[in-house]
$ cat input.cif   # mmCIF, C-alpha atoms
data_upload
loop_
_atom_site.label_atom_id
_atom_site.label_comp_id
_atom_site.auth_asym_id
_atom_site.auth_seq_id
_atom_site.Cartn_x
_atom_site.Cartn_y
_atom_site.Cartn_z
CA MET A 1 29.37 117.68 134.12
CA ILE A 2 31.46 119.68 131.62
CA PRO A 3 32.30 117.71 128.50
CA VAL A 4 36.03 117.51 127.97
CA ASN A 5 38.29 116.83 125.06
CA TYR A 6 40.01 113.67 126.01
CA PRO A 7 43.78 113.56 126.48
CA THR A 8 45.49 112.12 123.43
CA GLY A 9 46.57 108.91 125.15
CA ILE A 10 43.02 108.03 126.10
CA LYS A 11 41.78 109.01 122.66
CA LYS A 12 44.28 106.60 121.15
CA LYS A 13 43.10 103.91 123.52
CA TYR A 14 39.55 104.23 122.20
CA GLN A 15 40.66 104.37 118.61
CA LYS A 16 42.43 101.10 119.24
CA GLU A 17 39.50 99.61 121.10
CA ILE A 18 37.14 100.35 118.29
CA SER A 19 39.24 99.71 115.23
CA HIS A 20 41.52 96.88 116.33
CA GLY A 21 39.58 94.96 118.94
CA ASN A 22 41.83 93.89 121.77
CA ARG A 23 45.18 94.94 120.32
CA GLY A 24 46.89 97.42 122.58
CA MET A 25 44.39 96.66 125.36
CA ALA A 26 46.29 93.64 126.61
CA LEU A 27 46.71 94.79 130.21
CA GLU A 28 43.07 95.78 130.65
CA ASP A 29 42.06 92.48 129.10
CA ASP A 30 44.36 90.52 131.43
CA ILE A 31 42.99 92.31 134.49
CA ASN A 32 39.39 91.83 133.42
CA GLU A 33 40.03 88.10 132.90
CA THR A 34 41.74 87.91 136.29
CA ASN A 35 38.78 89.66 137.95
CA LYS A 36 36.40 87.20 136.27
CA TYR A 37 38.47 84.37 137.71
CA TYR A 38 38.34 85.91 141.21
CA LEU A 39 34.57 86.33 140.87
CA LYS A 40 34.00 82.81 139.54
CA TYR A 41 35.95 81.17 142.37
CA ASN A 42 34.46 83.53 144.95
CA ILE A 43 37.89 84.94 145.87
CA ALA A 44 37.10 88.63 145.49
CA VAL A 45 34.56 90.99 143.90
CA ILE A 46 36.53 93.49 141.82
CA HIS A 47 35.16 95.26 138.75
CA LYS A 48 36.33 97.78 136.21
CA LYS A 49 34.23 100.93 136.32
CA PRO A 50 32.53 101.94 133.10
CA THR A 51 34.17 104.71 131.06
CA PRO A 52 32.82 108.05 132.30
CA ILE A 53 30.94 109.94 129.60
CA THR A 54 28.55 112.87 129.31
CA ILE A 55 25.50 111.97 127.24
CA LYS A 56 24.17 114.79 125.10
CA LYS A 57 21.74 113.16 122.69
CA VAL A 58 19.79 109.90 122.70
CA ASP A 59 17.55 108.64 119.90
CA TYR A 60 14.65 106.29 120.48
CA PRO A 61 13.96 104.56 117.16
CA SER A 62 11.42 102.31 118.93
CA ARG A 63 9.70 102.09 122.28
CA ILE A 64 12.37 99.81 123.75
CA GLU A 65 15.46 100.89 121.84
CA ALA A 66 17.83 103.69 122.83
CA ILE A 67 20.85 104.80 120.81
CA ILE A 68 23.30 107.35 122.17
CA LYS A 69 24.02 109.65 119.23
CA GLU A 70 26.21 112.24 120.94
CA ALA A 71 28.39 111.82 123.99
CA TYR A 72 31.79 112.94 125.22
CA PHE A 73 34.52 111.31 127.27
CA LYS A 74 35.05 112.81 130.71
CA ILE A 75 38.25 112.84 132.74
CA PRO A 76 37.80 110.13 135.40
CA SER A 77 37.64 111.42 138.99
CA THR A 78 38.54 108.03 140.43
CA THR A 79 40.59 105.00 139.44
CA ASP A 80 39.32 102.36 137.03
CA TYR A 81 39.08 99.36 139.35
CA ASN A 82 37.66 98.79 142.80
CA GLY A 83 36.07 96.12 144.91
CA ILE A 84 36.39 93.94 147.98
CA TYR A 85 38.83 91.22 149.04
CA LYS A 86 38.85 89.51 152.45
CA GLY A 87 36.72 92.32 153.83
CA LYS A 88 39.16 95.01 152.62
CA TYR A 89 38.38 97.75 150.15
CA ILE A 90 40.60 97.42 147.04
CA ASP A 91 41.28 100.31 144.64
CA PHE A 92 43.71 100.60 141.74
CA GLU A 93 44.59 102.02 138.38
CA ALA A 94 46.24 100.06 135.55
CA LYS A 95 48.43 101.60 132.88
CA GLU A 96 50.49 100.38 130.00
CA THR A 97 53.52 102.23 128.65
CA ARG A 98 55.87 101.61 125.72
CA HIS A 99 58.60 103.60 127.46
CA THR A 100 61.14 102.07 129.84
CA TYR A 101 59.87 104.51 132.49
CA PHE A 102 56.36 105.42 133.69
CA PRO A 103 55.39 108.99 132.70
CA PHE A 104 53.11 110.74 135.21
CA ALA A 105 51.17 112.09 132.25
CA ASN A 106 49.67 108.58 132.13
CA ILE A 107 47.85 109.05 135.42
CA HIS A 108 45.51 111.93 136.27
CA HIS A 109 46.17 114.12 139.29
CA HIS A 110 42.59 113.32 140.42
CA GLN A 111 43.42 109.66 140.47
CA ILE A 112 46.48 110.18 142.70
CA GLU A 113 44.36 112.29 145.08
CA HIS A 114 41.71 109.57 145.04
CA LEU A 115 44.27 106.88 145.95
CA LYS A 116 45.53 109.06 148.82
CA LYS A 117 42.02 109.27 150.27
CA ILE A 118 41.53 105.53 149.89
CA VAL A 119 44.68 104.80 151.90
CA GLN A 120 43.66 107.40 154.54
CA HIS A 121 40.34 105.60 154.98
CA GLY A 122 41.97 102.20 155.41
CA GLY A 123 41.68 100.81 151.89
CA ILE A 124 44.31 98.99 149.85
CA GLY A 125 45.43 101.21 146.97
CA PHE A 126 47.99 100.50 144.24
CA ILE A 127 48.81 100.83 140.57
CA ILE A 128 49.58 98.11 138.03
CA VAL A 129 52.01 99.23 135.34
CA ARG A 130 53.00 97.23 132.28
CA PHE A 131 56.16 98.06 130.36
CA SER A 132 54.90 96.55 127.13
CA LYS A 133 58.20 96.57 125.24
CA LEU A 134 60.00 94.90 128.15
CA GLY A 135 57.16 92.47 128.74
CA GLU A 136 57.13 93.31 132.46
CA THR A 137 54.14 94.11 134.67
CA TYR A 138 54.52 95.52 138.17
CA TYR A 139 52.38 96.08 141.24
CA LEU A 140 53.34 99.31 143.03
CA GLY A 141 51.70 100.11 146.36
CA ALA A 142 50.06 103.52 146.73
CA LYS A 143 52.41 104.41 149.61
CA GLU A 144 55.49 103.70 147.46
CA LEU A 145 53.92 105.78 144.69
CA PHE A 146 53.34 108.71 147.09
CA THR A 147 56.88 108.40 148.49
CA PHE A 148 58.30 108.76 145.00
CA LEU A 149 56.07 111.74 144.19
CA GLU A 150 57.04 113.51 147.42
CA ASN A 151 60.77 112.94 147.05
CA SER A 152 61.39 113.44 143.39
CA LYS A 153 61.00 116.24 140.88
CA ARG A 154 61.03 113.84 137.96
CA LYS A 155 58.08 113.61 135.62
CA SER A 156 58.27 109.84 135.42
CA ILE A 157 59.10 106.83 137.56
CA PRO A 158 62.03 104.77 136.30
CA ARG A 159 61.54 101.05 135.84
CA GLU A 160 64.18 100.42 138.56
CA TYR A 161 61.86 101.93 141.16
CA PHE A 162 59.19 99.38 140.25
CA LEU A 163 61.81 96.63 140.37
CA ASN A 164 63.04 97.68 143.83
CA GLN A 165 59.90 99.06 145.50
CA GLY A 166 57.20 97.19 143.59
CA HIS A 167 56.44 93.55 142.85
CA LEU A 168 56.81 91.84 139.50
CA LEU A 169 53.54 90.24 138.41
CA LYS A 170 54.23 87.09 136.44
CA GLU A 171 51.72 86.28 133.74
CA LYS A 172 50.11 82.88 134.03
CA TYR A 173 47.42 80.94 132.26
CA SER A 174 44.77 81.33 134.95
CA PRO A 175 44.43 83.72 136.66
CA ARG A 176 46.40 85.72 134.12
CA LEU A 177 47.74 88.37 136.49
CA ASP A 178 47.37 87.27 140.08
CA TYR A 179 47.74 90.63 141.83
CA LEU A 180 45.87 89.37 144.91
CA ALA A 181 48.83 87.04 145.58
CA ILE A 182 50.90 90.20 146.17
CA ILE A 183 48.21 91.66 148.43
CA ASN A 184 48.18 88.40 150.38
CA LYS A 185 51.93 88.70 150.96
CA ILE A 186 51.79 92.36 151.99
CA TYR A 187 48.57 92.46 154.02
CA PHE A 188 47.54 88.96 155.05
CA GLU A 189 50.77 87.01 155.54
CA GLY A 190 50.78 85.14 158.81
CA GLU A 191 47.00 85.33 159.26
CA MET B 1 29.88 93.14 125.45
CA ILE B 2 26.49 92.61 123.74
CA PRO B 3 24.58 95.86 123.26
CA VAL B 4 21.20 95.66 124.91
CA ASN B 5 17.95 97.48 124.53
CA TYR B 6 17.53 99.17 127.82
CA PRO B 7 14.55 98.39 130.06
CA THR B 8 11.84 101.00 129.73
CA GLY B 9 12.33 102.38 133.22
CA ILE B 10 15.98 103.17 132.58
CA LYS B 11 15.18 104.56 129.15
CA LYS B 12 12.69 106.91 130.78
CA LYS B 13 15.34 107.91 133.29
CA TYR B 14 17.65 109.01 130.48
CA GLN B 15 14.89 110.72 128.57
CA LYS B 16 14.24 112.71 131.72
CA GLU B 17 17.91 113.34 132.36
CA ILE B 18 18.43 114.73 128.91
CA SER B 19 15.22 116.62 128.29
CA HIS B 20 14.30 117.89 131.73
CA GLY B 21 17.57 118.26 133.58
CA ASN B 22 17.26 117.06 137.13
CA ARG B 23 13.53 116.47 137.26
CA GLY B 24 12.80 112.85 138.20
CA MET B 25 16.45 112.40 139.21
CA ALA B 26 15.94 113.83 142.67
CA LEU B 27 17.17 110.80 144.63
CA GLU B 28 20.31 110.40 142.54
CA ASP B 29 20.97 114.08 142.91
CA ASP B 30 20.51 113.93 146.70
CA ILE B 31 22.89 110.98 146.99
CA ASN B 32 25.50 112.61 144.80
CA GLU B 33 25.34 115.78 146.90
CA THR B 34 25.61 113.70 150.07
CA ASN B 35 28.65 111.87 148.69
CA LYS B 36 30.27 115.20 147.79
CA TYR B 37 29.70 116.30 151.40
CA TYR B 38 31.28 113.08 152.73
CA LEU B 39 34.25 113.59 150.40
CA LYS B 40 34.69 117.28 151.26
CA TYR B 41 34.72 116.62 155.01
CA ASN B 42 36.87 113.53 154.59
CA ILE B 43 34.17 111.28 156.09
CA ALA B 44 34.01 108.67 153.35
CA VAL B 45 34.96 108.13 149.71
CA ILE B 46 31.83 106.97 147.90
CA HIS B 47 31.17 107.55 144.20
CA LYS B 48 28.48 106.77 141.67
CA LYS B 49 29.77 104.56 138.91
CA PRO B 50 29.44 105.86 135.37
CA THR B 51 26.55 104.52 133.29
CA PRO B 52 27.72 101.36 131.53
CA ILE B 53 27.67 101.70 127.75
CA THR B 54 29.05 99.94 124.70
CA ILE B 55 30.78 102.36 122.35
CA LYS B 56 30.38 101.53 118.65
CA LYS B 57 31.53 104.64 116.81
CA VAL B 58 33.74 107.59 117.73
CA ASP B 59 34.49 110.58 115.49
CA TYR B 60 37.65 112.66 115.77
CA PRO B 61 36.90 116.05 114.24
CA SER B 62 40.30 117.28 115.42
CA ARG B 63 43.47 115.85 116.90
CA ILE B 64 42.31 116.39 120.48
CA GLU B 65 38.55 116.07 120.14
CA ALA B 66 36.55 112.85 120.38
CA ILE B 67 32.79 112.59 119.91
CA ILE B 68 30.95 109.35 120.57
CA LYS B 69 28.48 109.04 117.67
CA GLU B 70 27.01 105.63 118.41
CA ALA B 71 26.75 103.86 121.74
CA TYR B 72 24.26 101.67 123.60
CA PHE B 73 23.22 101.34 127.22
CA LYS B 74 24.23 98.08 128.88
CA ILE B 75 22.52 96.33 131.76
CA PRO B 76 24.69 97.06 134.82
CA SER B 77 26.40 94.01 136.34
CA THR B 78 26.92 95.75 139.67
CA THR B 79 25.20 98.40 141.78
CA ASP B 80 25.54 102.12 141.09
CA TYR B 81 27.42 103.23 144.19
CA ASN B 82 30.44 101.97 146.06
CA GLY B 83 33.30 103.18 148.18
CA ILE B 84 34.93 103.10 151.59
CA TYR B 85 33.85 104.27 155.05
CA LYS B 86 35.84 103.69 158.26
CA GLY B 87 37.83 101.00 156.48
CA LYS B 88 34.71 99.13 155.39
CA TYR B 89 33.66 98.48 151.81
CA ILE B 90 30.28 100.12 151.08
CA ASP B 91 28.02 99.08 148.20
CA PHE B 92 24.47 100.07 147.37
CA GLU B 93 21.80 100.70 144.78
CA ALA B 94 19.32 103.61 144.88
CA LYS B 95 15.86 103.53 143.34
CA GLU B 96 12.88 105.80 143.17
CA THR B 97 9.31 104.56 142.74
CA ARG B 98 5.97 106.31 142.35
CA HIS B 99 4.17 103.26 143.71
CA THR B 100 3.48 102.70 147.40
CA TYR B 101 5.44 99.43 147.10
CA PHE B 102 8.86 98.65 145.62
CA PRO B 103 8.58 96.51 142.45
CA PHE B 104 11.47 94.06 141.95
CA ALA B 105 11.41 95.00 138.28
CA ASN B 106 13.24 98.15 139.48
CA ILE B 107 16.33 96.19 140.45
CA HIS B 108 18.25 93.79 138.19
CA HIS B 109 18.81 90.20 139.23
CA HIS B 110 22.56 90.80 138.65
CA GLN B 111 22.51 93.57 141.20
CA ILE B 112 20.93 91.36 143.88
CA GLU B 113 23.54 88.68 143.19
CA HIS B 114 26.25 91.34 143.38
CA LEU B 115 24.99 92.53 146.79
CA LYS B 116 24.97 88.92 148.04
CA LYS B 117 28.64 88.53 147.12
CA ILE B 118 29.52 91.84 148.78
CA VAL B 119 27.96 90.73 152.05
CA GLN B 120 29.69 87.32 151.80
CA HIS B 121 33.05 89.07 151.46
CA GLY B 122 32.47 91.28 154.50
CA GLY B 123 31.21 94.46 152.85
CA ILE B 124 28.26 96.63 153.87
CA GLY B 125 25.48 96.30 151.28
CA PHE B 126 22.08 97.99 151.18
CA ILE B 127 19.50 99.69 149.00
CA ILE B 128 18.05 103.18 149.28
CA VAL B 129 14.45 103.41 148.09
CA ARG B 130 12.44 106.59 147.71
CA PHE B 131 8.66 106.48 147.55
CA SER B 132 8.39 109.76 145.69
CA LYS B 133 4.61 110.25 146.08
CA LEU B 134 4.83 109.61 149.83
CA GLY B 135 7.96 111.72 150.19
CA GLU B 136 9.69 108.93 152.13
CA THR B 137 13.20 107.53 151.63
CA TYR B 138 14.38 104.34 153.29
CA TYR B 139 17.62 102.51 153.92
CA LEU B 140 17.13 98.74 153.72
CA GLY B 141 20.04 96.46 154.63
CA ALA B 142 21.04 93.81 152.10
CA LYS B 143 20.32 91.03 154.62
CA GLU B 144 16.77 92.31 155.17
CA LEU B 145 16.36 92.48 151.39
CA PHE B 146 17.52 88.87 150.98
CA THR B 147 15.27 87.71 153.85
CA PHE B 148 12.26 89.18 152.08
CA LEU B 149 13.24 87.64 148.73
CA GLU B 150 13.72 84.20 150.30
CA ASN B 151 10.47 84.22 152.25
CA SER B 152 8.02 85.81 149.89
CA LYS B 153 6.63 85.06 146.46
CA ARG B 154 5.56 88.66 145.93
CA LYS B 155 6.96 90.67 143.07
CA SER B 156 7.34 93.76 145.18
CA ILE B 157 8.22 94.81 148.71
CA PRO B 158 5.44 96.68 150.53
CA ARG B 159 6.30 100.03 152.10
CA GLU B 160 5.51 98.53 155.55
CA TYR B 161 8.51 96.22 155.22
CA PHE B 162 10.77 99.25 154.76
CA LEU B 163 9.07 100.93 157.71
CA ASN B 164 9.57 97.90 159.97
CA GLN B 165 12.83 96.39 158.73
CA GLY B 166 14.50 99.45 157.23
CA HIS B 167 15.40 102.92 158.44
CA LEU B 168 13.71 106.15 157.42
CA LEU B 169 16.24 108.61 155.99
CA LYS B 170 15.21 112.13 156.85
CA GLU B 171 16.13 114.76 154.31
CA LYS B 172 18.23 117.61 155.62
CA TYR B 173 19.98 120.62 154.20
CA SER B 174 23.49 119.23 154.45
CA PRO B 175 24.22 116.39 154.06
CA ARG B 176 20.95 115.91 152.23
CA LEU B 177 20.53 112.20 152.92
CA ASP B 178 22.80 111.08 155.71
CA TYR B 179 22.79 107.32 155.12
CA LEU B 180 26.13 106.90 156.92
CA ALA B 181 24.35 107.88 160.16
CA ILE B 182 22.34 104.65 159.77
CA ILE B 183 25.50 102.65 159.07
CA ASN B 184 27.05 104.15 162.20
CA LYS B 185 24.10 102.92 164.26
CA ILE B 186 24.10 99.44 162.77
CA TYR B 187 27.83 98.76 162.42
CA PHE B 188 29.82 101.13 164.59
CA GLU B 189 27.66 101.85 167.65
CA GLY B 190 29.60 101.46 170.84
CA GLU B 191 32.99 101.65 169.15
#

$ encode --input "input.cif" --output "structure tokens"
Amino acid sequence: MIPVNYPTGIKKKYQKEISHGNRGMALEDDINETNKYYLKYNIAVIHKKPTPITIKKVDYPSRIEAIIKEAYFKIPSTTDYNGIYKGKYIDFEAKETRHTYFPFANIHHHQIEHLKKIVQHGGIGFIIVRFSKLGETYYLGAKELFTFLENSKRKSIPREYFLNQGHLLKEKYSPRLDYLAIINKIYFEGE
Amino acid sequence: MIPVNYPTGIKKKYQKEISHGNRGMALEDDINETNKYYLKYNIAVIHKKPTPITIKKVDYPSRIEAIIKEAYFKIPSTTDYNGIYKGKYIDFEAKETRHTYFPFANIHHHQIEHLKKIVQHGGIGFIIVRFSKLGETYYLGAKELFTFLENSKRKSIPREYFLNQGHLLKEKYSPRLDYLAIINKIYFEGE
């Protein structure tokens, strides 16, 4: 439980979250809305995990009120999203980039290791990456992610790899980002 | 994302966590150690979710440092623990009580509803309850929990129900609280 100084990217994310509401949080917002849809229609139970923090100081101005006055962001040891769909364990991370490639700096080493364990134990692991300037969002299976990492010395994944090895996620009105449709195709087709 | 005043029990938990270290957090500590053991020996991937909070104010004393200066506890919409074991989705809540019965006030309505959905979707749901004065810790399956809730007007579950319908979890050196041994018996015996 060592407090950490948060990587700049994550820091920026929170600055945005606090000062500009949803701006810059579009992907997270789309996924949360999609998960709400899945929950409402009893399709799947998938939630975003709370942001991991270390609490240092809490004030109690009244008997029932608690205000956290000092806390620090921690580096997450797992991915942000997990849950259950058709009896299968689902686990993924979602990232947005303004580049036309996906820098590995955007994903923690811990999170890659976590996804590896999930796949080993029979879960469905993947990442969702949005190229915000291109207006494209992709599903990339954990196995395809590992294959790239094992076979390349690059520090980023080019968009073409997502195009060829991943699946384009088209944005719709409802659900906004139907990533379970991709999972249906890959894992449940023909059932 | 409405900030909430936290229920007194949870507030007390944090007061304890902050002012007395691990005292009063024994069950959580035992489960976390058990999960670390499962992870280390590649048995299962089960994590505690971070405490859900709403962040209101963050200071940036330097380019890389972020300090949360104002945040509030939120009522959790799910249980505290989830993960994967032998390909199955695992989901549970852990609670400690000083009573000789388990008051429902200790578990949020949302969490019960969440466990119901998990079971519907084919996951393994349960609660772990420690009667701290008796020195007894029980595993109670979600279905047995629902059966009690549907058939009783009581506002608590007597210890006898845990004794008869649940499974006593004996504390050991390592893993400290081997709840997967119970899951093996119930779900994987004879495989």

$ residues_near_point --input "input.cif" --point "(19.2, 100.7, 121.6)" --cutoff "6 Å" --atoms "all atoms listed in the file" --output "short mmCIF file (atom, residue, chain, number, x, y, z; two decimals) with C-alpha atoms, in the coordinates of the input"
data_model
loop_
_atom_site.label_atom_id
_atom_site.label_comp_id
_atom_site.auth_asym_id
_atom_site.auth_seq_id
_atom_site.Cartn_x
_atom_site.Cartn_y
_atom_site.Cartn_z
CA GLU A 65 15.46 100.89 121.84
CA ALA A 66 17.83 103.69 122.83
CA ILE A 67 20.85 104.80 120.81
CA ASN B 5 17.95 97.48 124.53
CA TYR B 72 24.26 101.67 123.60
#

$ closest_atom_pairs --input "input.cif" --of "chain A" --to "chain B" --cutoff "9 Å" --atoms "all atoms listed in the file" --output "CSV"
residue,atom,partner,partner_atom,distance
A:Val4,CA,B:Glu65,CA,8.4
A:Asn5,CA,B:Glu65,CA,5.0
A:Tyr6,CA,B:Glu65,CA,6.5
A:Pro7,CA,B:Ile64,CA,6.8
A:Thr8,CA,B:Ile64,CA,6.1
A:Lys11,CA,B:Ala66,CA,6.9
A:Tyr14,CA,B:Val58,CA,8.1
A:Gln15,CA,B:Val58,CA,7.7
A:Ile18,CA,B:Lys56,CA,6.9
A:Leu39,CA,B:Lys117,CA,8.9
A:Asn42,CA,B:Lys117,CA,8.0
A:Ile43,CA,B:His121,CA,8.5
A:Ala44,CA,B:His121,CA,7.2
A:Val45,CA,B:Ile118,CA,7.1
A:His47,CA,B:Thr78,CA,8.3
A:Lys49,CA,B:Lys49,CA,6.3
A:Pro50,CA,B:Pro52,CA,5.1
A:Thr51,CA,B:Pro50,CA,6.5
A:Pro52,CA,B:Pro50,CA,5.1
A:Ile53,CA,B:Pro50,CA,7.2
A:Ile55,CA,B:Ile18,CA,7.8
A:Lys56,CA,B:Ile18,CA,6.9
A:Lys57,CA,B:Ile18,CA,7.2
A:Val58,CA,B:Gln15,CA,7.7
A:Tyr60,CA,B:Lys11,CA,8.9
A:Arg63,CA,B:Thr8,CA,7.8
A:Ile64,CA,B:Asn5,CA,6.1
A:Glu65,CA,B:Asn5,CA,5.0
A:Ala66,CA,B:Asn5,CA,6.4
A:Ile67,CA,B:Tyr72,CA,5.4
A:Ile68,CA,B:Ala71,CA,4.9
A:Lys69,CA,B:Lys69,CA,4.8
A:Glu70,CA,B:Lys69,CA,5.1
A:Ala71,CA,B:Ile68,CA,4.9
A:Tyr72,CA,B:Ile67,CA,5.4
A:Phe73,CA,B:Ala66,CA,7.3
A:Thr78,CA,B:His47,CA,8.3
A:Asn82,CA,B:Gly83,CA,8.2
A:Gly83,CA,B:Tyr89,CA,7.7
A:Ile84,CA,B:Tyr89,CA,6.5
A:Tyr85,CA,B:His121,CA,6.6
A:Lys86,CA,B:His121,CA,5.9
A:Gly87,CA,B:Gly122,CA,4.4
A:Lys88,CA,B:Tyr89,CA,6.6
A:Tyr89,CA,B:Tyr89,CA,5.1
A:Ile90,CA,B:Tyr89,CA,8.5
A:His114,CA,B:Val45,CA,8.3
A:Lys117,CA,B:Val45,CA,7.2
A:Ile118,CA,B:Val45,CA,7.1
A:Gln120,CA,B:Gly87,CA,8.9
A:His121,CA,B:Gly87,CA,5.5
A:Gly122,CA,B:Gly87,CA,4.4
A:Gly123,CA,B:Gly87,CA,6.0

$ atom_distance --input "input.cif" --atom1 "atom CA of Gly125 of chain A" --atom2 "atom CA of Leu140 of chain A"
9.0 Å

$ resolve_selection --input "input.cif" --expression "the PyMOL selection byres ((chain A and resi 104) around 9)" --output "list of chain:residue names"
A:Phe102, A:Pro103, A:Ala105, A:Asn106, A:Ile107, A:His108, A:His109, A:Arg154, A:Lys155, A:Ser156, A:Ile157

$ residues_around --input "input.cif" --residues "segment 160-170 of chain A" --least-positions-apart "6" --cutoff "10 Å" --atoms "all atoms listed in the file" --output "PDB file with C-alpha atoms, keeping the file's coordinate frame"
ATOM      1  CA  THR A 100      61.140 102.070 129.840  1.00  0.00           C
ATOM      2  CA  TYR A 101      59.870 104.510 132.490  1.00  0.00           C
ATOM      3  CA  PHE A 102      56.360 105.420 133.690  1.00  0.00           C
ATOM      4  CA  PHE A 126      47.990 100.500 144.240  1.00  0.00           C
ATOM      5  CA  ILE A 127      48.810 100.830 140.570  1.00  0.00           C
ATOM      6  CA  ILE A 128      49.580  98.110 138.030  1.00  0.00           C
ATOM      7  CA  VAL A 129      52.010  99.230 135.340  1.00  0.00           C
ATOM      8  CA  ARG A 130      53.000  97.230 132.280  1.00  0.00           C
ATOM      9  CA  GLY A 135      57.160  92.470 128.740  1.00  0.00           C
ATOM     10  CA  GLU A 136      57.130  93.310 132.460  1.00  0.00           C
ATOM     11  CA  THR A 137      54.140  94.110 134.670  1.00  0.00           C
ATOM     12  CA  TYR A 138      54.520  95.520 138.170  1.00  0.00           C
ATOM     13  CA  TYR A 139      52.380  96.080 141.240  1.00  0.00           C
ATOM     14  CA  LEU A 140      53.340  99.310 143.030  1.00  0.00           C
ATOM     15  CA  GLY A 141      51.700 100.110 146.360  1.00  0.00           C
ATOM     16  CA  GLU A 144      55.490 103.700 147.460  1.00  0.00           C
ATOM     17  CA  LEU A 145      53.920 105.780 144.690  1.00  0.00           C
ATOM     18  CA  PHE A 148      58.300 108.760 145.000  1.00  0.00           C
ATOM     19  CA  ARG A 176      46.400  85.720 134.120  1.00  0.00           C
ATOM     20  CA  LEU A 177      47.740  88.370 136.490  1.00  0.00           C
ATOM     21  CA  ASP A 178      47.370  87.270 140.080  1.00  0.00           C
ATOM     22  CA  TYR A 179      47.740  90.630 141.830  1.00  0.00           C
ATOM     23  CA  ALA A 181      48.830  87.040 145.580  1.00  0.00           C
ATOM     24  CA  ILE A 182      50.900  90.200 146.170  1.00  0.00           C
TER      25      ILE A 182
END

$ atom_distance --input "input.cif" --atom1 "atom CA of Ile186 of chain A" --atom2 "atom CA of Pro158 of chain A"
22.5 Å

$ atom_distance --input "input.cif" --atom1 "atom CA of Glu113 of chain A" --atom2 "atom CA of Ile75 of chain A"
13.8 Å

$ resolve_selection --input "input.cif" --expression "the PyMOL selection byres ((chain A and resi 96) around 8)" --output "list in words"
Leu27, Ala94, Lys95, Thr97, Arg98, Val129, Arg130, Phe131 and Ser132 of chain A

$ closest_residue --input "input.cif" --among "B:Ile183, B:Phe188, B:Lys172, B:Lys133" --to "Ile31 of chain B" --atoms "all atoms listed in the file"
B:Lys172

$ resolve_selection --input "input.cif" --expression "the PyMOL selection byres ((chain A and resi 32-35) around 6)" --output "list in words"
Asp29, Asp30, Ile31, Lys36, Tyr37, Tyr38, Ile46, Pro175 and Arg176 of chain A

$ closest_residue --input "input.cif" --among "B:Leu180, B:Ala26, B:Asn151, B:Tyr81" --to "Gln111 of chain B" --atoms "only C-alpha atoms"
B:Tyr81

$ axis_aligned_box --input "input.cif" --around "segment 49-68 of chain A" --padding-each-side "5 Å" --output "lines of an AutoDock Vina configuration file"
center_x = 22.0
center_y = 107.3
center_z = 126.7
size_x = 34.5
size_y = 25.0
size_z = 29.2

$ build_atoms --input "input.cif" --residues "segment 137-148 of chain B" --atoms "N, CA and C atoms" --output "compact mmCIF listing (two decimals), in the frame of the given file"
# COMPACT_ATOMS: atom_id res chain seq x y z
N THR B 137 12.01 108.23 152.13
CA THR B 137 13.20 107.53 151.63
C THR B 137 13.70 106.59 152.71
N TYR B 138 13.96 105.35 152.32
CA TYR B 138 14.38 104.34 153.29
C TYR B 138 15.72 103.72 152.95
N TYR B 139 16.44 103.36 153.99
CA TYR B 139 17.62 102.51 153.92
C TYR B 139 17.13 101.11 154.25
N LEU B 140 17.44 100.13 153.40
CA LEU B 140 17.13 98.74 153.72
C LEU B 140 18.40 97.92 153.57
N GLY B 141 18.82 97.28 154.64
CA GLY B 141 20.04 96.46 154.63
C GLY B 141 19.92 95.30 153.65
N ALA B 142 21.04 94.90 153.07
CA ALA B 142 21.04 93.81 152.10
C ALA B 142 20.46 92.53 152.73
N LYS B 143 20.80 92.27 153.99
CA LYS B 143 20.32 91.03 154.62
C LYS B 143 18.79 91.03 154.74
N GLU B 144 18.23 92.19 155.08
CA GLU B 144 16.77 92.31 155.17
C GLU B 144 16.13 92.17 153.78
N LEU B 145 16.83 92.65 152.77
CA LEU B 145 16.36 92.48 151.39
C LEU B 145 16.34 91.00 151.01
N PHE B 146 17.43 90.30 151.32
CA PHE B 146 17.52 88.87 150.98
C PHE B 146 16.46 88.07 151.75
N THR B 147 16.27 88.40 153.02
CA THR B 147 15.27 87.71 153.85
C THR B 147 13.89 87.80 153.19
N PHE B 148 13.55 89.00 152.73
CA PHE B 148 12.26 89.18 152.08
C PHE B 148 12.18 88.32 150.81
